[in-house]
>>> print(open('run-v5.tsv').read())   # TSV, C-alpha atoms
chain	number	residue	atom	x	y	z
O	1	MET	CA	78.03	68.39	108.25
O	2	ASP	CA	74.47	67.31	107.49
O	3	ARG	CA	72.77	67.42	104.06
O	4	LYS	CA	70.65	70.49	104.88
O	5	SER	CA	73.70	72.57	105.81
O	6	LYS	CA	75.45	71.59	102.59
O	7	ILE	CA	72.44	72.71	100.53
O	8	VAL	CA	72.30	76.09	102.30
O	9	ILE	CA	76.04	76.69	101.76
O	10	ALA	CA	75.75	75.70	98.07
O	11	LEU	CA	72.83	78.10	97.51
O	12	PHE	CA	74.71	80.92	99.24
O	13	ALA	CA	77.79	80.28	97.05
O	14	LEU	CA	75.64	80.32	93.89
O	15	VAL	CA	74.07	83.64	94.88
O	16	VAL	CA	77.49	85.21	95.51
O	17	ILE	CA	78.83	83.91	92.18
O	18	GLY	CA	75.72	85.23	90.41
O	19	ILE	CA	76.23	88.71	91.91
O	20	ILE	CA	79.90	88.74	90.89
O	21	ILE	CA	79.12	87.65	87.30
O	22	THR	CA	76.35	90.28	87.04
O	23	GLU	CA	78.70	93.02	88.19
O	24	LEU	CA	81.37	91.90	85.74
O	25	VAL	CA	79.17	91.70	82.63
O	26	ARG	CA	76.90	94.69	83.16
O	27	PRO	CA	77.94	97.82	81.21
O	28	ARG	CA	79.72	100.43	83.21
O	29	PRO	CA	78.19	103.92	83.33
O	30	ILE	CA	80.12	106.66	81.54
O	31	ASN	CA	82.38	108.59	83.86
O	32	TRP	CA	81.80	112.30	83.21
O	33	ARG	CA	84.19	113.38	85.95
O	34	PRO	CA	86.65	116.11	84.84
O	35	SER	CA	90.15	114.65	84.82
O	36	TYR	CA	92.31	116.23	82.05
O	37	THR	CA	95.18	113.81	82.73
O	38	ALA	CA	97.22	112.35	79.90
O	39	ALA	CA	96.33	108.77	80.81
O	40	ASP	CA	92.55	109.10	81.25
O	41	LYS	CA	90.37	107.94	78.34
O	42	ILE	CA	87.12	109.11	79.94
O	43	PRO	CA	85.20	111.90	78.13
O	44	PHE	CA	86.86	114.71	80.06
O	45	GLY	CA	90.36	113.25	80.05
O	46	CYS	CA	93.19	114.40	77.76
O	47	TYR	CA	94.46	111.09	76.41
O	48	VAL	CA	93.71	112.03	72.78
O	49	LEU	CA	95.24	115.50	73.02
O	50	TYR	CA	98.37	114.26	74.78
O	51	ASN	CA	99.02	111.67	72.09
O	52	GLU	CA	98.48	114.27	69.35
O	53	LEU	CA	101.00	116.73	70.80
O	54	PRO	CA	103.97	115.41	68.74
O	55	SER	CA	102.04	116.11	65.53
O	56	LEU	CA	100.86	119.53	66.74
O	57	PHE	CA	104.31	120.62	67.90
O	58	LYS	CA	106.60	118.93	65.40
O	59	ASN	CA	109.61	121.14	66.12
O	60	GLU	CA	109.49	120.82	69.91
O	61	SER	CA	110.33	118.05	72.32
O	62	ILE	CA	107.49	117.15	74.68
O	63	GLU	CA	108.28	116.88	78.40
O	64	THR	CA	105.59	115.56	80.73
O	65	ILE	CA	105.62	117.29	84.12
O	66	ASP	CA	104.54	115.30	87.18
O	67	GLN	CA	105.61	117.83	89.79
O	68	SER	CA	104.63	121.35	90.82
O	69	VAL	CA	105.21	124.37	88.60
O	70	TYR	CA	107.65	125.78	91.13
O	71	ASP	CA	109.88	122.66	91.16
O	72	VAL	CA	110.03	122.60	87.36
O	73	LEU	CA	110.80	126.26	86.78
O	74	VAL	CA	113.48	126.62	89.46
O	75	SER	CA	115.46	123.70	87.99
O	76	ARG	CA	114.97	124.32	84.24
O	77	ASP	CA	117.65	125.35	81.74
O	78	THR	CA	117.17	129.14	81.52
O	79	THR	CA	119.19	129.36	78.30
O	80	MET	CA	116.49	127.49	76.34
O	81	LEU	CA	113.12	129.05	75.53
O	82	SER	CA	110.03	126.88	75.98
O	83	ASN	CA	106.23	126.76	76.15
O	84	TYR	CA	104.29	125.66	79.21
O	85	LEU	CA	100.87	124.05	78.70
O	86	LEU	CA	98.39	123.92	81.62
O	87	ILE	CA	94.87	122.53	81.06
O	88	ASN	CA	92.42	121.75	83.85
O	89	GLU	CA	88.97	122.73	85.04
O	90	TYR	CA	90.54	124.91	87.73
O	91	ILE	CA	94.26	125.49	88.28
O	92	ASP	CA	95.21	126.40	91.83
O	93	LEU	CA	98.48	128.36	91.75
O	94	ASP	CA	100.03	129.40	95.05
O	95	ARG	CA	102.17	132.50	95.54
O	96	GLN	CA	105.55	130.83	94.88
O	97	GLU	CA	104.27	129.13	91.73
O	98	THR	CA	102.76	132.38	90.48
O	99	HIS	CA	106.02	134.31	90.97
O	100	GLN	CA	108.02	131.61	89.18
O	101	LEU	CA	105.51	131.57	86.32
O	102	LEU	CA	105.70	135.37	85.96
O	103	ASP	CA	109.52	135.26	85.92
O	104	TYR	CA	109.38	132.44	83.38
O	105	VAL	CA	107.21	134.44	80.98
O	106	SER	CA	109.09	137.70	81.49
O	107	GLN	CA	112.25	135.97	80.18
O	108	GLY	CA	110.63	135.35	76.78
O	109	ASN	CA	108.78	132.06	77.32
O	110	SER	CA	105.08	131.42	76.76
O	111	VAL	CA	102.40	129.93	79.00
O	112	PHE	CA	99.14	128.52	77.64
O	113	ILE	CA	96.47	128.20	80.32
O	114	SER	CA	93.03	126.75	79.68
O	115	SER	CA	90.96	126.85	82.85
O	116	THR	CA	87.92	128.46	84.43
O	117	GLY	CA	90.24	130.02	87.03
O	118	PHE	CA	93.87	129.94	88.12
O	119	GLY	CA	94.30	131.86	91.33
O	120	TRP	CA	93.60	135.43	92.40
O	121	GLU	CA	97.24	136.55	92.50
O	122	LEU	CA	98.02	135.76	88.85
O	123	MET	CA	94.74	137.23	87.63
O	124	ASP	CA	95.40	140.37	89.67
O	125	THR	CA	98.91	140.72	88.22
O	126	LEU	CA	97.61	140.31	84.66
O	127	ASN	CA	94.67	142.62	85.51
O	128	ILE	CA	92.00	140.22	84.27
O	129	SER	CA	88.86	138.71	85.79
O	130	ILE	CA	86.82	135.63	84.85
O	131	SER	CA	83.18	134.73	85.42
O	132	SER	CA	81.02	131.69	84.66
O	133	ASP	CA	77.42	131.91	83.46
O	134	TYR	CA	75.69	128.54	83.68
O	135	GLY	CA	72.00	127.92	84.24
O	136	LEU	CA	69.68	125.21	85.49
O	137	LYS	CA	69.58	123.46	82.13
O	138	GLU	CA	72.52	122.49	79.98
O	139	GLY	CA	72.69	124.45	76.74
O	140	THR	CA	74.88	124.71	73.67
O	141	ALA	CA	77.88	127.03	73.36
O	142	LEU	CA	79.72	128.06	70.20
O	143	LEU	CA	83.42	128.86	70.06
O	144	ASP	CA	85.08	131.00	67.40
O	145	LEU	CA	88.40	132.75	66.82
O	146	THR	CA	88.98	136.37	65.78
O	147	ASN	CA	91.84	135.75	63.34
O	148	ASN	CA	90.83	136.36	59.73
O	149	LYS	CA	92.10	132.91	58.76
O	150	PHE	CA	89.57	131.31	61.09
O	151	ARG	CA	86.60	133.62	60.52
O	152	GLY	CA	83.32	131.86	59.84
O	153	GLN	CA	84.39	128.69	61.68
O	154	GLU	CA	82.34	127.83	64.72
O	155	PHE	CA	82.81	124.90	67.03
O	156	GLU	CA	79.91	123.61	69.07
O	157	LEU	CA	80.08	122.46	72.69
O	158	SER	CA	77.00	120.76	74.07
O	159	ARG	CA	77.94	119.21	77.42
O	160	GLY	CA	79.86	120.09	80.55
O	161	VAL	CA	80.46	123.76	79.59
O	162	PHE	CA	80.27	126.47	82.26
O	163	ASN	CA	80.25	129.38	79.74
O	164	SER	CA	83.31	130.86	81.45
O	165	HIS	CA	84.50	134.15	79.95
O	166	PHE	CA	86.49	137.28	80.67
O	167	THR	CA	84.63	140.16	82.28
O	168	SER	CA	87.59	142.55	82.21
O	169	VAL	CA	91.10	142.62	80.70
O	170	ASP	CA	94.05	145.01	80.55
O	171	SER	CA	93.45	146.57	77.14
O	172	THR	CA	96.96	148.04	76.97
O	173	ARG	CA	98.64	144.64	76.67
O	174	THR	CA	95.84	142.21	75.88
O	175	THR	CA	94.60	140.92	72.53
O	176	ILE	CA	91.27	139.09	72.29
O	177	LEU	CA	91.73	135.91	70.24
O	178	GLY	CA	88.38	134.14	70.59
O	179	HIS	CA	84.81	134.26	71.86
O	180	ILE	CA	82.21	131.98	73.36
O	181	THR	CA	78.57	132.44	72.35
O	182	TYR	CA	75.78	130.98	74.47
O	183	SER	CA	72.19	131.52	75.54
O	184	LYS	CA	71.90	133.37	78.82
O	185	GLU	CA	68.99	131.87	80.70
O	186	ASN	CA	66.25	134.33	81.68
O	187	LEU	CA	64.19	133.35	84.68
O	188	LEU	CA	61.26	135.52	83.58
O	189	GLU	CA	58.92	133.43	81.44
O	190	SER	CA	57.75	136.46	79.43
O	191	GLN	CA	61.25	137.13	78.12
O	192	PRO	CA	63.23	134.77	75.85
O	193	ASP	CA	66.77	133.61	76.64
O	194	GLU	CA	69.38	136.20	75.69
O	195	GLN	CA	72.09	135.25	73.17
O	196	VAL	CA	75.44	136.67	74.34
O	197	SER	CA	79.00	136.55	73.03
O	198	LYS	CA	81.92	136.98	75.43
O	199	PRO	CA	85.72	136.74	75.04
O	200	ASN	CA	87.10	133.41	76.20
O	201	PHE	CA	90.58	133.42	74.66
O	202	ILE	CA	93.14	136.21	75.08
O	203	LYS	CA	96.83	136.92	74.68
O	204	THR	CA	98.46	139.02	77.41
O	205	SER	CA	102.05	140.16	77.12
O	206	PHE	CA	104.26	140.13	80.20
O	207	GLY	CA	107.91	141.15	79.92
O	208	LYS	CA	109.43	139.45	76.89
O	209	GLY	CA	106.86	136.64	76.79
O	210	ASN	CA	103.12	136.06	76.58
O	211	PHE	CA	100.30	134.44	78.50
O	212	TYR	CA	97.67	132.72	76.37
O	213	VAL	CA	94.63	132.36	78.61
O	214	HIS	CA	91.63	130.27	77.60
O	215	THR	CA	88.52	129.80	79.79
O	216	THR	CA	86.94	126.74	78.14
O	217	PRO	CA	89.16	123.72	78.99
O	218	GLN	CA	86.39	121.29	77.96
O	219	ALA	CA	87.29	121.94	74.31
O	220	TYR	CA	90.60	120.06	74.82
O	221	SER	CA	89.01	116.93	76.31
O	222	ASN	CA	88.65	113.53	74.64
O	223	PHE	CA	84.91	114.06	74.16
O	224	TYR	CA	85.24	117.14	71.94
O	225	MET	CA	88.51	116.10	70.26
O	226	LEU	CA	86.68	113.02	68.94
O	227	GLU	CA	83.49	114.97	68.14
O	228	GLY	CA	85.14	116.91	65.30
O	229	ASN	CA	86.42	119.93	67.22
O	230	HIS	CA	90.10	118.99	66.89
O	231	ASP	CA	90.57	121.84	64.40
O	232	TYR	CA	89.69	124.34	67.12
O	233	VAL	CA	92.47	122.93	69.31
O	234	THR	CA	94.91	123.12	66.41
O	235	HIS	CA	93.96	126.76	65.72
O	236	THR	CA	94.40	127.83	69.36
O	237	PHE	CA	97.80	126.16	69.61
O	238	SER	CA	98.93	127.84	66.38
O	239	TYR	CA	99.40	131.08	68.34
O	240	LEU	CA	102.29	129.52	70.26
O	241	GLU	CA	105.65	130.16	68.65
O	242	ASP	CA	107.92	127.19	68.07
O	243	LYS	CA	110.49	126.82	70.85
O	244	GLY	CA	112.83	124.07	71.91
O	245	VAL	CA	110.66	122.44	74.57
O	246	LEU	CA	106.94	122.09	75.32
O	247	TYR	CA	106.11	121.34	78.94
O	248	TRP	CA	102.88	119.38	79.35
O	249	ASP	CA	101.61	119.82	82.90
O	250	ASN	CA	100.27	116.52	84.22
O	251	TYR	CA	100.42	117.56	87.88
O	252	LYS	CA	97.76	120.20	88.42
O	253	LYS	CA	94.95	117.95	87.22
O	254	SER	CA	91.59	117.13	88.76
O	255	GLY	CA	92.11	113.44	87.98
O	256	ARG	CA	95.65	113.19	89.30
O	257	ILE	CA	96.06	110.26	91.67
O	258	ILE	CA	96.91	111.64	95.10
O	259	ILE	CA	98.28	109.39	97.82
O	260	ASP	CA	96.47	110.34	101.03
O	261	SER	CA	97.92	107.51	103.08
O	262	PRO	CA	99.99	108.27	106.23
O	263	MET	CA	102.80	106.62	104.25
O	264	ARG	CA	102.52	109.21	101.45
O	265	PHE	CA	106.04	110.60	101.94
O	266	VAL	CA	107.59	107.12	101.87
O	267	LEU	CA	105.52	106.16	98.81
O	268	THR	CA	106.55	109.30	96.91
O	269	GLN	CA	110.26	108.58	97.36
O	270	SER	CA	111.47	105.86	95.02
O	271	SER	CA	114.15	104.39	97.31
O	272	LEU	CA	111.95	104.48	100.43
O	273	LYS	CA	109.00	103.05	98.52
O	274	TRP	CA	111.00	100.01	97.33
O	275	ALA	CA	112.51	99.52	100.78
O	276	TYR	CA	108.98	99.52	102.24
O	277	TYR	CA	107.68	97.05	99.64
O	278	LEU	CA	110.65	94.70	100.14
O	279	THR	CA	110.19	94.84	103.93
O	280	VAL	CA	106.51	93.94	103.65
O	281	LEU	CA	107.31	91.15	101.17
O	282	GLY	CA	110.03	89.78	103.45
O	283	LEU	CA	107.68	89.75	106.44
O	284	LEU	CA	105.01	87.94	104.43
O	285	LEU	CA	107.52	85.30	103.28
O	286	PHE	CA	108.81	84.91	106.83
O	287	VAL	CA	105.30	84.38	108.20
O	288	LEU	CA	104.45	81.99	105.35
O	289	PHE	CA	107.47	79.70	105.68
O	290	ARG	CA	107.96	80.08	109.42
O	291	GLY	CA	104.31	79.25	109.97
O	292	LYS	CA	104.66	76.03	107.99
O	293	ARG	CA	107.84	74.88	109.74
O	294	GLU	CA	106.78	75.79	113.28
O	295	GLN	CA	105.84	72.66	115.25
O	296	ARG	CA	102.54	72.64	117.05
O	297	ILE	CA	102.63	73.12	120.79
O	298	ILE	CA	103.32	69.81	122.54
O	299	PRO	CA	101.00	69.34	125.51
O	300	VAL	CA	102.66	68.79	128.90
O	301	ILE	CA	102.13	65.22	130.11
O	302	LYS	CA	102.57	64.68	133.81
O	303	PRO	CA	104.84	61.71	134.51
O	304	LEU	CA	103.29	58.73	136.27
O	305	GLU	CA	103.77	58.84	139.99
O	306	ASN	CA	105.90	56.18	141.69
O	307	ALA	CA	103.11	54.12	143.26
O	308	SER	CA	105.54	51.76	144.96
O	309	VAL	CA	106.69	54.51	147.33
O	310	GLY	CA	103.12	55.30	148.29
O	311	PHE	CA	102.38	51.62	148.67
O	312	ALA	CA	105.33	51.15	150.97
O	313	GLN	CA	104.28	54.14	153.05
O	314	ALA	CA	100.73	52.81	153.27
O	315	VAL	CA	101.94	49.33	154.33
O	316	GLY	CA	104.33	50.84	156.84
O	317	SER	CA	101.58	52.98	158.32
O	318	LEU	CA	99.33	49.92	158.55
O	319	TYR	CA	101.93	47.90	160.49
O	320	TYR	CA	102.70	50.86	162.69
O	321	GLN	CA	99.04	51.36	163.56
O	322	ASN	CA	98.54	47.65	164.36
O	323	ARG	CA	101.75	47.52	166.47
O	324	ASP	CA	102.62	44.15	164.92
O	325	TYR	CA	106.39	44.49	165.35
O	326	THR	CA	107.06	40.74	165.00
O	327	ASP	CA	105.60	40.54	161.51
O	328	LEU	CA	107.27	43.83	160.54
O	329	ILE	CA	110.69	42.61	161.76
O	330	ASN	CA	110.31	39.26	159.97
O	331	LYS	CA	109.50	40.96	156.66
O	332	LYS	CA	112.35	43.45	157.06
O	333	VAL	CA	114.80	40.63	157.81
O	334	ASN	CA	113.59	38.55	154.88
O	335	TYR	CA	113.83	41.59	152.54
O	336	PHE	CA	117.39	42.30	153.79
O	337	LEU	CA	118.52	38.72	153.30
O	338	ALA	CA	116.99	38.62	149.81
O	339	GLU	CA	118.92	41.81	148.98
O	340	LEU	CA	122.18	40.13	150.16
O	341	ARG	CA	121.51	37.13	147.96
O	342	SER	CA	120.79	39.27	144.96
O	343	LYS	CA	123.66	41.71	145.40
O	344	TYR	CA	126.47	39.55	146.82
O	345	HIS	CA	125.33	36.09	145.68
O	346	ILE	CA	125.54	34.69	149.22
O	347	ASP	CA	123.68	31.66	150.56
O	348	THR	CA	121.67	32.97	153.53
O	349	ASN	CA	119.92	29.75	154.40
O	350	GLN	CA	122.56	29.12	157.05
O	351	LEU	CA	123.99	32.16	158.84
O	352	ASN	CA	127.29	30.83	160.25
O	353	GLU	CA	130.84	32.04	160.64
O	354	ARG	CA	131.73	31.35	157.02
O	355	THR	CA	128.74	33.37	155.83
O	356	ILE	CA	129.82	36.30	158.01
O	357	GLN	CA	133.38	36.30	156.60
O	358	ILE	CA	132.22	36.10	152.95
O	359	LEU	CA	129.68	38.90	153.49
O	360	ALA	CA	132.24	41.13	155.23
O	361	ALA	CA	134.71	40.61	152.38
O	362	LYS	CA	132.22	41.30	149.59
O	363	ALA	CA	130.52	44.26	151.32
O	364	GLY	CA	133.84	45.84	152.34
O	365	LYS	CA	132.89	45.88	156.01
O	366	GLU	CA	134.75	44.81	159.13
O	367	VAL	CA	134.16	41.28	160.32
O	368	GLY	CA	133.16	42.48	163.80
O	369	GLU	CA	130.50	44.88	162.43
O	370	THR	CA	129.16	42.22	160.09
O	371	LYS	CA	129.11	39.60	162.84
O	372	ALA	CA	127.22	41.94	165.21
O	373	LEU	CA	124.52	42.51	162.55
O	374	ILE	CA	124.11	38.81	161.72
O	375	THR	CA	124.09	37.83	165.40
O	376	PHE	CA	121.37	40.44	166.09
O	377	ILE	CA	119.30	39.17	163.19
O	378	MET	CA	119.61	35.55	164.38
O	379	ALA	CA	118.60	36.63	167.87
O	380	LEU	CA	115.49	38.37	166.52
O	381	LYS	CA	114.54	35.31	164.47
O	382	ASN	CA	114.73	33.10	167.58
O	383	LYS	CA	112.44	35.40	169.56
O	384	THR	CA	108.70	34.84	169.47
O	385	SER	CA	107.72	38.34	170.49
O	386	HIS	CA	109.28	41.65	169.54
O	387	SER	CA	109.09	45.22	170.75
O	388	GLU	CA	109.25	48.64	169.11
O	389	GLU	CA	112.84	49.01	170.34
O	390	ASP	CA	113.81	45.83	168.46
O	391	SER	CA	112.37	47.25	165.24
O	392	ILE	CA	114.20	50.56	165.65
O	393	GLU	CA	117.49	48.87	166.49
O	394	LEU	CA	117.22	46.54	163.49
O	395	ASN	CA	116.55	49.47	161.15
O	396	LYS	CA	119.60	51.36	162.51
O	397	LYS	CA	121.95	48.40	162.07
O	398	ILE	CA	120.78	47.61	158.52
O	399	THR	CA	121.01	51.29	157.52
O	400	ALA	CA	124.54	51.55	158.99
O	401	PHE	CA	125.61	48.40	157.12
O	402	LYS	CA	124.35	49.69	153.79
O	403	GLN	CA	126.27	52.95	154.06
>>> encode(input="run-v5.tsv", output="structure tokens")
Amino acid sequence: MDRKSKIVIALFALVVIGIIITELVRPRPINWRPSYTAADKIPFGCYVLYNELPSLFKNESIETIDQSVYDVLVSRDTTMLSNYLLINEYIDLDRQETHQLLDYVSQGNSVFISSTGFGWELMDTLNISISSDYGLKEGTALLDLTNNKFRGQEFELSRGVFNSHFTSVDSTRTTILGHITYSKENLLESQPDEQVSKPNFIKTSFGKGNFYVHTTPQAYSNFYMLEGNHDYVTHTFSYLEDKGVLYWDNYKKSGRIIIDSPMRFVLTQSSLKWAYYLTVLGLLLFVLFRGKREQRIIPVIKPLENASVGFAQAVGSLYYQNRDYTDLINKKVNYFLAELRSKYHIDTNQLNERTIQILAAKAGKEVGETKALITFIMALKNKTSHSEEDSIELNKKITAFKQ
């Protein structure tokens, strides 16, 4: 790598590091998203309220609910009375959850709901309706309670309030417990904004129990709990009678973490989730260690060809083309005799009767066969000119002797 390339890479790395450091040190913007979960410390979370519940409900055990209302109520201990606390910007109750909640209250339990809406079916059963009155600009709302003990106390809300209130209630079984006062924006410039006061907190009896419905959930958020409105929360909870258990709903929350992965069923089941994680971990370890131990592919090397065979074929073809049978026979005879000397340690300078007997004994051949071969070789050596038939005959006899 040349010097110029190194400089370019170094500058690019410095720019990336600078961007990362800038993102890490710059202040994060405030998250005004409505959450209402027990773990969120953002302005509209419920971390402060959740941690204050033991001091607000000293005679009750707090149970945090991370599943649907239906699942909780069908499996609860019906012999023990309890309170159910639901706080969120909007609570979506389906038909089964609504029926279970109505049965729960009719048995003498209490439900505290703080939300701008909680499903048509429950509101229809309780014969109540809710409306929100918010304008183009954010204004200030005041909350107060109707109880004589709390008269004269007003609690101010200045941000994130929708001015939700009740437009109709069932007067035969409903008690108004609190109001919200706000400025109703008038779009006509000649007329000032109208100051209105509407009920935002009611108690509705159902069977042996009660629904406490509140339409301003923002009052229970971290932002207003830390702004000095914690007394308002304490006053509203004082209407709940002490029972054995307080259920804190942490499921129907805007800020609840929802797994939208195709693996959501596996990840929601504890045993399947751990099996999945262990499988993935095992595969990663296998790839890591197997990859290190696996030998690189060895290239295929073609073996060297036997050049002597080709050379012999080339020489043979050359002699055959030139028809020089005398030279070919002489070389074949000399090669054969050299092979006898090397293999049987026989002196071939003189081919006589003794040589024939020794060769026959060492080669395991008959004396007559051996003598015929040696005699033929001696005859060929004495000839000055040879034919193709002589070459063929010599090759046959030598081949037969070697077998």
>>> residues_around(input="run-v5.tsv", residues="Ser131 (chain O)", least_positions_apart="2", cutoff="8 Å", atoms="all atoms listed in the file", output="PyMOL selection string")
chain O and resi 116+129+133+164-167
>>> closest_residue(input="run-v5.tsv", among="O:Ser168, O:Glu89, O:Glu156, O:Pro199", to="Glu227 (chain O)", atoms="all atoms listed in the file")
O:Glu156
>>> residues_around(input="run-v5.tsv", residues="region 73-86 of chain O", least_positions_apart="3", cutoff="9 Å", atoms="all atoms listed in the file", output="number ranges by chain")
O: 60, 68-70, 91, 97, 100-101, 104, 107-115, 240-250, 252-253
>>> write_last_selection(input="run-v5.tsv", atoms="C-alpha atoms", output="mmCIF file, in the frame of the given file")
data_model
loop_
_atom_site.group_PDB
_atom_site.id
_atom_site.type_symbol
_atom_site.label_atom_id
_atom_site.label_comp_id
_atom_site.auth_asym_id
_atom_site.auth_seq_id
_atom_site.Cartn_x
_atom_site.Cartn_y
_atom_site.Cartn_z
ATOM 1 C CA GLU O 60 109.490 120.820 69.910
ATOM 2 C CA SER O 68 104.630 121.350 90.820
ATOM 3 C CA VAL O 69 105.210 124.370 88.600
ATOM 4 C CA TYR O 70 107.650 125.780 91.130
ATOM 5 C CA ILE O 91 94.260 125.490 88.280
ATOM 6 C CA GLU O 97 104.270 129.130 91.730
ATOM 7 C CA GLN O 100 108.020 131.610 89.180
ATOM 8 C CA LEU O 101 105.510 131.570 86.320
ATOM 9 C CA TYR O 104 109.380 132.440 83.380
ATOM 10 C CA GLN O 107 112.250 135.970 80.180
ATOM 11 C CA GLY O 108 110.630 135.350 76.780
ATOM 12 C CA ASN O 109 108.780 132.060 77.320
ATOM 13 C CA SER O 110 105.080 131.420 76.760
ATOM 14 C CA VAL O 111 102.400 129.930 79.000
ATOM 15 C CA PHE O 112 99.140 128.520 77.640
ATOM 16 C CA ILE O 113 96.470 128.200 80.320
ATOM 17 C CA SER O 114 93.030 126.750 79.680
ATOM 18 C CA SER O 115 90.960 126.850 82.850
ATOM 19 C CA LEU O 240 102.290 129.520 70.260
ATOM 20 C CA GLU O 241 105.650 130.160 68.650
ATOM 21 C CA ASP O 242 107.920 127.190 68.070
ATOM 22 C CA LYS O 243 110.490 126.820 70.850
ATOM 23 C CA GLY O 244 112.830 124.070 71.910
ATOM 24 C CA VAL O 245 110.660 122.440 74.570
ATOM 25 C CA LEU O 246 106.940 122.090 75.320
ATOM 26 C CA TYR O 247 106.110 121.340 78.940
ATOM 27 C CA TRP O 248 102.880 119.380 79.350
ATOM 28 C CA ASP O 249 101.610 119.820 82.900
ATOM 29 C CA ASN O 250 100.270 116.520 84.220
ATOM 30 C CA LYS O 252 97.760 120.200 88.420
ATOM 31 C CA LYS O 253 94.950 117.950 87.220
#
>>> atom_distance(input="run-v5.tsv", atom1="CA of Leu93 (chain O)", atom2="CA of Asn163 (chain O)")
21.9 Å
>>> residues_around(input="run-v5.tsv", residues="Tyr325 (chain O)", least_positions_apart="3", cutoff="10 Å", atoms="all atoms listed in the file", output="number ranges by chain")
O: 319-320, 322, 328-331, 385-392
>>> write_last_selection(input="run-v5.tsv", atoms="C-alpha atoms", output="tab-separated table (two decimals), in the frame of the given file")
chain	number	residue	atom	x	y	z
O	319	TYR	CA	101.93	47.90	160.49
O	320	TYR	CA	102.70	50.86	162.69
O	322	ASN	CA	98.54	47.65	164.36
O	328	LEU	CA	107.27	43.83	160.54
O	329	ILE	CA	110.69	42.61	161.76
O	330	ASN	CA	110.31	39.26	159.97
O	331	LYS	CA	109.50	40.96	156.66
O	385	SER	CA	107.72	38.34	170.49
O	386	HIS	CA	109.28	41.65	169.54
O	387	SER	CA	109.09	45.22	170.75
O	388	GLU	CA	109.25	48.64	169.11
O	389	GLU	CA	112.84	49.01	170.34
O	390	ASP	CA	113.81	45.83	168.46
O	391	SER	CA	112.37	47.25	165.24
O	392	ILE	CA	114.20	50.56	165.65
>>> residues_around(input="run-v5.tsv", residues="Cys46 (chain O)", least_positions_apart="5", cutoff="10 Å", atoms="all atoms listed in the file", output="list in words")
Pro34, Ser35, Tyr36, Thr37, Ala38, Ala39, Asp40, Lys41, Asn51, Glu52, Ile87, Asn88, Gln218, Tyr220, Ser221, Asn222, Phe223, Met225 and Asn250 of chain O
>>> atom_distance(input="run-v5.tsv", atom1="CA of Tyr47 (chain O)", atom2="CA of Tyr224 (chain O)")
11.9 Å
>>> atom_distance(input="run-v5.tsv", atom1="CA of Tyr90 (chain O)", atom2="CA of Ile42 (chain O)")
17.9 Å
>>> closest_residue(input="run-v5.tsv", among="O:Thr370, O:Thr140, O:Thr384, O:Thr175", to="Lys402 (chain O)", atoms="all atoms listed in the file")
O:Thr370
>>> closest_residue(input="run-v5.tsv", among="O:Ala141, O:Asn306, O:Asn148, O:Ser205", to="His179 (chain O)", atoms="all atoms listed in the file")
O:Ala141
>>> decode(input="run-v5.tsv", residues="region 213-228 of chain O", atoms="C-alpha atoms", output="PDB file, in the first residue's frame")
ATOM      1  CA  VAL O 213     -62.499   6.042  36.099  1.00  0.00           C
ATOM      2  CA  HIS O 214     -60.093   8.917  35.528  1.00  0.00           C
ATOM      3  CA  THR O 215     -59.550  10.596  32.126  1.00  0.00           C
ATOM      4  CA  THR O 216     -56.243  12.418  32.748  1.00  0.00           C
ATOM      5  CA  PRO O 217     -53.496   9.734  32.923  1.00  0.00           C
ATOM      6  CA  GLN O 218     -50.771  12.386  32.469  1.00  0.00           C
ATOM      7  CA  ALA O 219     -51.198  13.338  36.140  1.00  0.00           C
ATOM      8  CA  TYR O 220     -49.640   9.979  37.158  1.00  0.00           C
ATOM      9  CA  SER O 221     -46.523  10.351  34.998  1.00  0.00           C
ATOM     10  CA  ASN O 222     -42.985  11.059  36.195  1.00  0.00           C
ATOM     11  CA  PHE O 223     -43.158  14.636  34.897  1.00  0.00           C
ATOM     12  CA  TYR O 224     -46.063  15.703  37.120  1.00  0.00           C
ATOM     13  CA  MET O 225     -45.169  13.477  40.085  1.00  0.00           C
ATOM     14  CA  LEU O 226     -41.851  15.351  40.304  1.00  0.00           C
ATOM     15  CA  GLU O 227     -43.462  18.751  39.593  1.00  0.00           C
ATOM     16  CA  GLY O 228     -45.290  18.816  42.939  1.00  0.00           C
TER      17      GLY O 228
END
